[in-house]
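Please read the structure below before turning to the comments.
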Amino acid sequence: MEASESKGAPRAVLALPAVALVLVAIWEITATLRAPGGVPDDDAFAQAGSYVREHMQPGDLVVFAPAWIDPVGRMVVGNALTVDAAARMDSAKYARIWELSIRDEHAPEVAKLRPEEALDIGGVAVSRYQQPPVTVLADLRDRMDTAKIVGGAAHVELQEVGFAPHRCILATPFSDQHPIAITFPGVTLGSQIVGYVGIADVFTRRDRREPASLSLSFGELAHPAVTAIAGVDDGWVRFSATTPPGTVANLTFQLASAAGGRLICFAAEVRQ
Amino acid sequence: MKELFRSRAVIGWMLALVTVITVTISQRSVGVARDEALYMSMGSHYADWWFGLVTFDHGISRDNVTKTWGGPQPTDNNREHPPLMKEAFGVSKKVLHDKLHLMSEVTAYRFPSALVHGLLVALIFFFAAGIAGTAEGIVAALLALFLPRAVFHAGLAAFDAPIAALWFATVYAYWRALEKDMGWTLATGILWGLALATKHTALLLPFALGVHYLFLGVRAARRGRSWALVITHRWELIASLALLGPVTLYIVWPWLWFAPFTHVREWLTFHLKHVHYNFEYLGRNWNAPKFPWHVAVVTTLFTVPVATLSAAAIGATTWVTTFVRTAPSERDKRAPGLLLVLSAAASIGPFFLGTTPIFGAEKHWMPMLPTLAIAGGVGVVWAARTAAQALTDHARAPLIAITAVAGVVVLAGLVETRAAHPYALTWYNALAGGAPGGADRGMNRQFWGVAARGVLKKLPDLGPPGPVYTHDASPAWGIYLRNGLLAPGYTDAGMEQAGIDHSKYAIVIHEKHFNRHDYMIWKSYGTVAPVFVLRSDGVPIVSVYRRP
């Protein structure tokens with residue numbers, strides 16, 4: 001009896017590779033058949049979109065998570081998400097943010113917030129978040145008609161930066177030796193200036209790998225108040241500077257790159 | 001013995017037939033790939049030239065060869081890619097569609113790819129059966145048949161499945177030639193020439209064959225006590241590869257008939273300096289070196305059925321342990337395991353360098369799949385037989401165990417292949433979590449614009465006809481219209497922002513670097529909301545916008 005048992009153990013071990021193969025295969029079949037169920041169907045998304053549209057207030061923002069459901073999210077909320085909101089600089093000025101999410105993911109805009117309202121619609125998590133919004137005293141994208149531009153061309157345009165949409169000031173220096181300078185005269189400052197800079201256009205980012213730089217100076221300061229570097233893989237790079245509230249100053253952005261014709265995209269807000 | 005070979009031949013060619021039928025049927029719902037549209041058009045162009053030549057409509061002159069096969073620019077008449085498969089696509093369309101009306105235009109163009117994929121599966125069977133046994137051969141062939149991405153590529157009029165087939169056909173012929181068979185020796189050179197005439201990556205194959213040849217040469221030298229045997233032990237093979245390979249390439253490629261050295265140099269230079277297309281991998285868009293060393297490993301782990309990978313791991317372990325335990329004098333003189341490993345390594349090895357373009361992913365190292373499938377076949381049969389022999393003495397137990405284990409492992413591949421269809425480039429295996437898991441992990445969504453086929457029938461539901469911004473499906477749009485896959489009136493609006501501004505509808509085929517097309521449409525249409533989003537297992541692959 002003992003001999004038989006001791007002989008039986010290693011024999012069973014010899015069967016393990018086959019058992020393992022069968023178990024892996026059965027798991028794979030099951031997992032493959034169940035994989036599509038991990039994403040809610042069209043009806044669930046449509047109902048979630050309807051709910052958001054019905055309960056949205058003017059000025060609300062809608063975000064989606066994970067990022068790959070973005071097209072479906074935009075389809076179901078329709079024009080509740082405007083082009084400007086989708087191509088926002090950031091989400092700081094929005095008091096209320098709605099999130100449509102699946103697979104327990106969350107958008108970066110709400111990562112640090114707790115939902116005021118949350119419900120599940122057929123697997124689509126609909127959440128409403130509240131945050132104290134920043135007060136924007138001036139959006140420099142709206143002041144381009146008063147800006148003085150030296151050493152290049154600049155205009156406001158919706159551009160792809162870091163594979164995301166951003167309505168920005170698209171600045172192109174005439175030379176790879178000298179920066180383009182854009183001055184906004186007589187801006188009444190708040191407590192800070194917040195902005196973002198990045199390089200537009202995936203193909204020029206591929207073909208020329210040099211970064212772009214932005215420096216901001218204001219008032220009588222001899223040195224830039226802030227400098228930001230955006231590399232080709234850095235996306236939308238944040239910069240900020242504290243400012244003396246109530247002061248009226250000329251704001252000058254200098255943008256440069258060793259890559260000729262670099263499409264440098266930036267946006268900035270003067271915040272209370 | 002003769003009977004065994006005869007029955008194996010029947011099994012092998014039956015497997016090939018099943019493969020050809022499977023691929024031919026499955027490709028019917030697969031959209032036309034961007035590059036495929038060009039290869040189809042060039043195929044017809046080349047076929048017309050050959051038919052004109054053999055019917056004495058024209059002769060051979062530098063002028064008419066240049067007009068059909070080349071030109072001053074690097075991509076004139078698609079001269080950057082050798083012509084063999086394009087010629088086959090064109091001839092197939094001319095015969096099977098135009099003359100015999102047996103197939104639709106697109107199916108006829110694609111049929112040669114399906115045929116050579118059938119050949120590949122048959123050769124995998126013959127090789128595995130030859131080194132391990134009939135059961136191993138059958139399982140290896142079925143595992144190869146149910147590789148989702150391979151089935152997809154085999155259904156296209158492109159070069160990736162055909163080069164895998166002709167690469168492995170060369171390996172198989174070389175292996176058979178080692179039996180000192182002159183027919184296979186000649187076939188080795190000719191098949192390598194055909195592989196060269198299919199895709200430039202065939203140039204990597206001599207590295208695998210060369211190392212294997214030297215390994216056998218060292219063995220022969222030790223036995224024969226002459227170091228000259230390292231090189232000369234099967235010198236006919238070297239002669240065949242060195243002479244028949246280039247001659248075959250020359251014969252099938254008229255562009256080489258004038259200024260052959262210059263044209264070969266230009267062909268290879270094009271690929272050595274190939275631009276890096278955009279490709280998403282682990283959440284990041286890659287379009288410039290240095291690429292991660294693990295792209296090929298992770299992509300293979302996520303695009304081959306898990307059960308097949310597991311079986312291959314067991315099979316490889318079995319090979320190694322058997323090799324170690326077998327006395328040198330009793331080992332297979334032709335070292336087939338080493339040959340398979342070297343073949344796979346030559347195919348996938350360049351992608352560890354970090355500088356080889358990674359766009360296209362697994363399709364560029366498809367010639368390693370036969371090695372994986374054969375290892376899988378060996379692994380399944382070994383595991384099943386060992387389990388049966390360990391647990392019972394019943395005579396039929398091994399056969400029952402092999403049938404059961406192979407059945408469920410092959411079924412896993414079949415289920416994955418079915419799940420992948422027809423958007424196999426968006427599909428990832430169960431290890432990745434399927435298509436949604438692939439999207440979560442930031443794996444490449446798709447390429448070549450194939451998925452646009454899925455929205456063609458939807459367009460009439462969205463509104464009356466009008467110009468469509470066709471995005472990456474632009475080269476295929478005319479084929480869709482011509483073949484009635486798209487209602488008339490939904491014409492191609494043109495390229496980029498001008499095309500969008502002129503359009504009534506716009507489609508975006510989702511890839512990370514294509515996001516900019518959404519934004520161009522938002523600017524023109526004044527809305528961010530598509531009216532329809534095509535999804536594959538829940539993952540968005542095509543958005544359709546309608547101008548408000």
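We label chains A, B, ... in the order they appear in the structure tokens, count residues from 1 in each chain, and number ligands from 1 in the order shown.
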Test item: chain A residues at most 7 Å from chain B, counting only C-alpha atoms, as JSON, numbers by chain: {"A": [11, 12, 14, 15, 17, 18, 21, 22, 24, 25, 28, 29, 31, 32, 35, 36, 39, 68, 69, 71, 72, 74, 75, 78, 79, 82, 83, 160, 163, 165, 202, 206]}
Every residue of segment 135-206 of chain A that DSSP places in strand (DSSP E), as JSON, numbers by chain: {"A": [136, 137, 138, 139, 148, 149, 150, 152, 153, 154, 155, 156, 157, 158, 159, 160, 161, 164, 165, 166, 167, 168, 169, 170, 171, 172, 173, 180, 181, 182, 183, 184, 185, 186, 187, 188, 192, 193, 194, 195, 196, 197, 198, 199]}
Same residues, N, CA and C atoms, output as a short mmCIF file (atom, residue, chain, number, x, y, z; two decimals), in the first residue's frame:
```cif
data_model
loop_
_atom_site.label_atom_id
_atom_site.label_comp_id
_atom_site.auth_asym_id
_atom_site.auth_seq_id
_atom_site.Cartn_x
_atom_site.Cartn_y
_atom_site.Cartn_z
N VAL A 136 -11.04 83.26 -13.80
CA VAL A 136 -10.13 83.67 -14.87
C VAL A 136 -10.35 85.16 -15.15
N LEU A 137 -9.33 85.96 -14.89
CA LEU A 137 -9.43 87.39 -15.16
C LEU A 137 -9.17 87.70 -16.63
N ALA A 138 -8.31 86.93 -17.21
CA ALA A 138 -8.02 87.14 -18.64
C ALA A 138 -7.52 85.84 -19.26
N ASP A 139 -8.13 85.50 -20.37
CA ASP A 139 -7.64 84.36 -21.16
C ASP A 139 -6.87 84.97 -22.33
N LYS A 148 1.33 92.11 -29.66
CA LYS A 148 2.39 92.53 -30.58
C LYS A 148 3.30 91.32 -30.81
N ILE A 149 3.48 90.97 -32.06
CA ILE A 149 4.22 89.74 -32.40
C ILE A 149 5.49 90.12 -33.15
N VAL A 150 6.62 89.63 -32.66
CA VAL A 150 7.91 89.92 -33.30
C VAL A 150 8.65 88.61 -33.51
N GLY A 152 8.05 86.11 -35.76
CA GLY A 152 7.34 84.89 -36.16
C GLY A 152 5.88 85.17 -36.41
N ALA A 153 5.13 84.10 -36.57
CA ALA A 153 3.69 84.23 -36.81
C ALA A 153 2.94 83.52 -35.70
N ALA A 154 1.78 84.04 -35.35
CA ALA A 154 0.99 83.42 -34.28
C ALA A 154 -0.50 83.70 -34.49
N HIS A 155 -1.29 82.71 -34.19
CA HIS A 155 -2.75 82.87 -34.22
C HIS A 155 -3.37 81.79 -33.34
N VAL A 156 -4.64 81.96 -33.02
CA VAL A 156 -5.33 80.97 -32.17
C VAL A 156 -5.93 79.88 -33.05
N GLU A 157 -5.71 78.65 -32.64
CA GLU A 157 -6.21 77.54 -33.44
C GLU A 157 -6.37 76.30 -32.57
N LEU A 158 -7.29 75.45 -32.94
CA LEU A 158 -7.42 74.14 -32.28
C LEU A 158 -6.37 73.22 -32.85
N GLN A 159 -5.52 72.70 -31.99
CA GLN A 159 -4.41 71.87 -32.44
C GLN A 159 -4.30 70.60 -31.62
N GLU A 160 -3.63 69.63 -32.20
CA GLU A 160 -3.30 68.41 -31.48
C GLU A 160 -1.95 68.60 -30.79
N VAL A 161 -1.95 68.45 -29.49
CA VAL A 161 -0.69 68.50 -28.73
C VAL A 161 -0.69 67.31 -27.79
N ALA A 164 -3.85 65.19 -27.73
CA ALA A 164 -5.08 65.72 -27.13
C ALA A 164 -5.40 67.05 -27.79
N PRO A 165 -6.69 67.43 -27.76
CA PRO A 165 -7.07 68.69 -28.42
C PRO A 165 -6.83 69.89 -27.50
N HIS A 166 -6.27 70.93 -28.06
CA HIS A 166 -6.10 72.15 -27.28
C HIS A 166 -6.29 73.36 -28.19
N ARG A 167 -7.19 74.24 -27.76
CA ARG A 167 -7.32 75.53 -28.45
C ARG A 167 -6.21 76.40 -27.90
N CYS A 168 -5.30 76.79 -28.77
CA CYS A 168 -4.09 77.43 -28.26
C CYS A 168 -3.60 78.52 -29.20
N ILE A 169 -2.62 79.25 -28.73
CA ILE A 169 -1.93 80.21 -29.59
C ILE A 169 -0.81 79.44 -30.28
N LEU A 170 -0.95 79.30 -31.58
CA LEU A 170 0.02 78.53 -32.35
C LEU A 170 1.09 79.50 -32.84
N ALA A 171 2.28 79.37 -32.28
CA ALA A 171 3.36 80.31 -32.58
C ALA A 171 4.47 79.59 -33.33
N THR A 172 4.91 80.21 -34.41
CA THR A 172 6.00 79.63 -35.20
C THR A 172 7.09 80.68 -35.38
N PRO A 173 8.26 80.44 -34.77
CA PRO A 173 9.36 81.40 -34.97
C PRO A 173 9.82 81.37 -36.43
N ILE A 180 10.34 83.80 -31.12
CA ILE A 180 9.22 84.68 -31.43
C ILE A 180 8.78 85.29 -30.10
N ALA A 181 8.52 86.58 -30.11
CA ALA A 181 8.07 87.27 -28.88
C ALA A 181 6.64 87.76 -29.09
N ILE A 182 5.78 87.42 -28.16
CA ILE A 182 4.38 87.85 -28.23
C ILE A 182 4.08 88.63 -26.95
N THR A 183 3.76 89.90 -27.12
CA THR A 183 3.52 90.77 -25.96
C THR A 183 2.05 91.15 -25.88
N PHE A 184 1.49 90.93 -24.71
CA PHE A 184 0.11 91.34 -24.44
C PHE A 184 0.18 92.59 -23.56
N PRO A 185 -0.19 93.74 -24.11
CA PRO A 185 -0.02 94.98 -23.35
C PRO A 185 -1.15 95.19 -22.34
N GLY A 186 -0.80 95.86 -21.24
CA GLY A 186 -1.78 96.34 -20.27
C GLY A 186 -2.70 95.30 -19.69
N VAL A 187 -2.13 94.19 -19.24
CA VAL A 187 -2.94 93.13 -18.65
C VAL A 187 -3.01 93.35 -17.13
N THR A 188 -4.22 93.38 -16.60
CA THR A 188 -4.38 93.49 -15.15
C THR A 188 -4.19 92.12 -14.53
N GLN A 192 -1.95 84.85 -9.93
CA GLN A 192 -1.04 83.96 -10.68
C GLN A 192 -1.40 83.90 -12.16
N ILE A 193 -0.42 83.51 -12.90
CA ILE A 193 -0.64 83.19 -14.32
C ILE A 193 -0.37 81.70 -14.47
N VAL A 194 -1.32 81.02 -15.06
CA VAL A 194 -1.15 79.58 -15.31
C VAL A 194 -1.27 79.34 -16.81
N GLY A 195 -0.38 78.54 -17.31
CA GLY A 195 -0.44 78.24 -18.73
C GLY A 195 0.11 76.86 -19.05
N TYR A 196 0.05 76.53 -20.30
CA TYR A 196 0.55 75.24 -20.79
C TYR A 196 1.23 75.48 -22.13
N VAL A 197 2.22 74.67 -22.40
CA VAL A 197 2.90 74.77 -23.70
C VAL A 197 3.21 73.36 -24.20
N GLY A 198 3.18 73.20 -25.50
CA GLY A 198 3.52 71.92 -26.10
C GLY A 198 3.80 72.10 -27.58
N ILE A 199 4.20 71.00 -28.19
CA ILE A 199 4.53 71.05 -29.62
C ILE A 199 3.40 70.38 -30.40
#
```
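Taking atom CA of Leu17 of chain B and atom CA of Met40 of chain B as the two end points, the separation is 23.9 Å.
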Polymer residues at most 6 Å from segment 118-122 of chain B, only C-alpha atoms, same-chain spacing of 3 or more positions, as a VMD selection string: chain B and resid 12 to 13 16 19 to 20 115 125 141 165
Given only C-alpha atoms as the counted atoms, nearest of A:Leu16, A:Ala67, A:Met89, A:Ile121 to Ala44 of chain A: A:Ile121
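The residue set within 8 Å of segment 56-65 of chain B, counting only C-alpha atoms and dropping same-chain residues fewer than 4 places from it, reads Gly52, Trp69, Gly70, Pro254, Trp255 and Phe258 of chain B.
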Helix (DSSP H, G or I) positions in segment 344-505 of chain B, given as a ChimeraX atom specification: /B:344-352,361-391,397-420,434-440,450-455,459-462,471-482,496-502
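The closest residue to Glu362 of chain B, picked from B:Leu96, B:Ala424, B:Ile124, B:Leu102 and counting only C-alpha atoms, is B:Ala424.
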Atomic distance atom CA of Gly71 of chain B - atom CA of Tyr39 of chain B, expressed in Å with one decimal: 16.6 Å
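Neighbouring residues of Gly59 of chain A at 10 Å or closer, counting only C-alpha atoms and skipping chain neighbours under 2 positions away, are Met56, Gln57, Leu61, Val62, Ala80, Leu81, Thr82, Ala85, Lys93, Tyr94, Ala95, Arg96 and Ile97 of chain A.
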Contact residues around Thr243 of chain A with only C-alpha atoms at 9 Å, ignoring same-chain residues under 4 positions, as a PyMOL selection string: chain A and resi 189-193+218+247
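Between atom CA of Ser217 of chain A and atom CA of Thr204 of chain A the separation is 27.8 Å.
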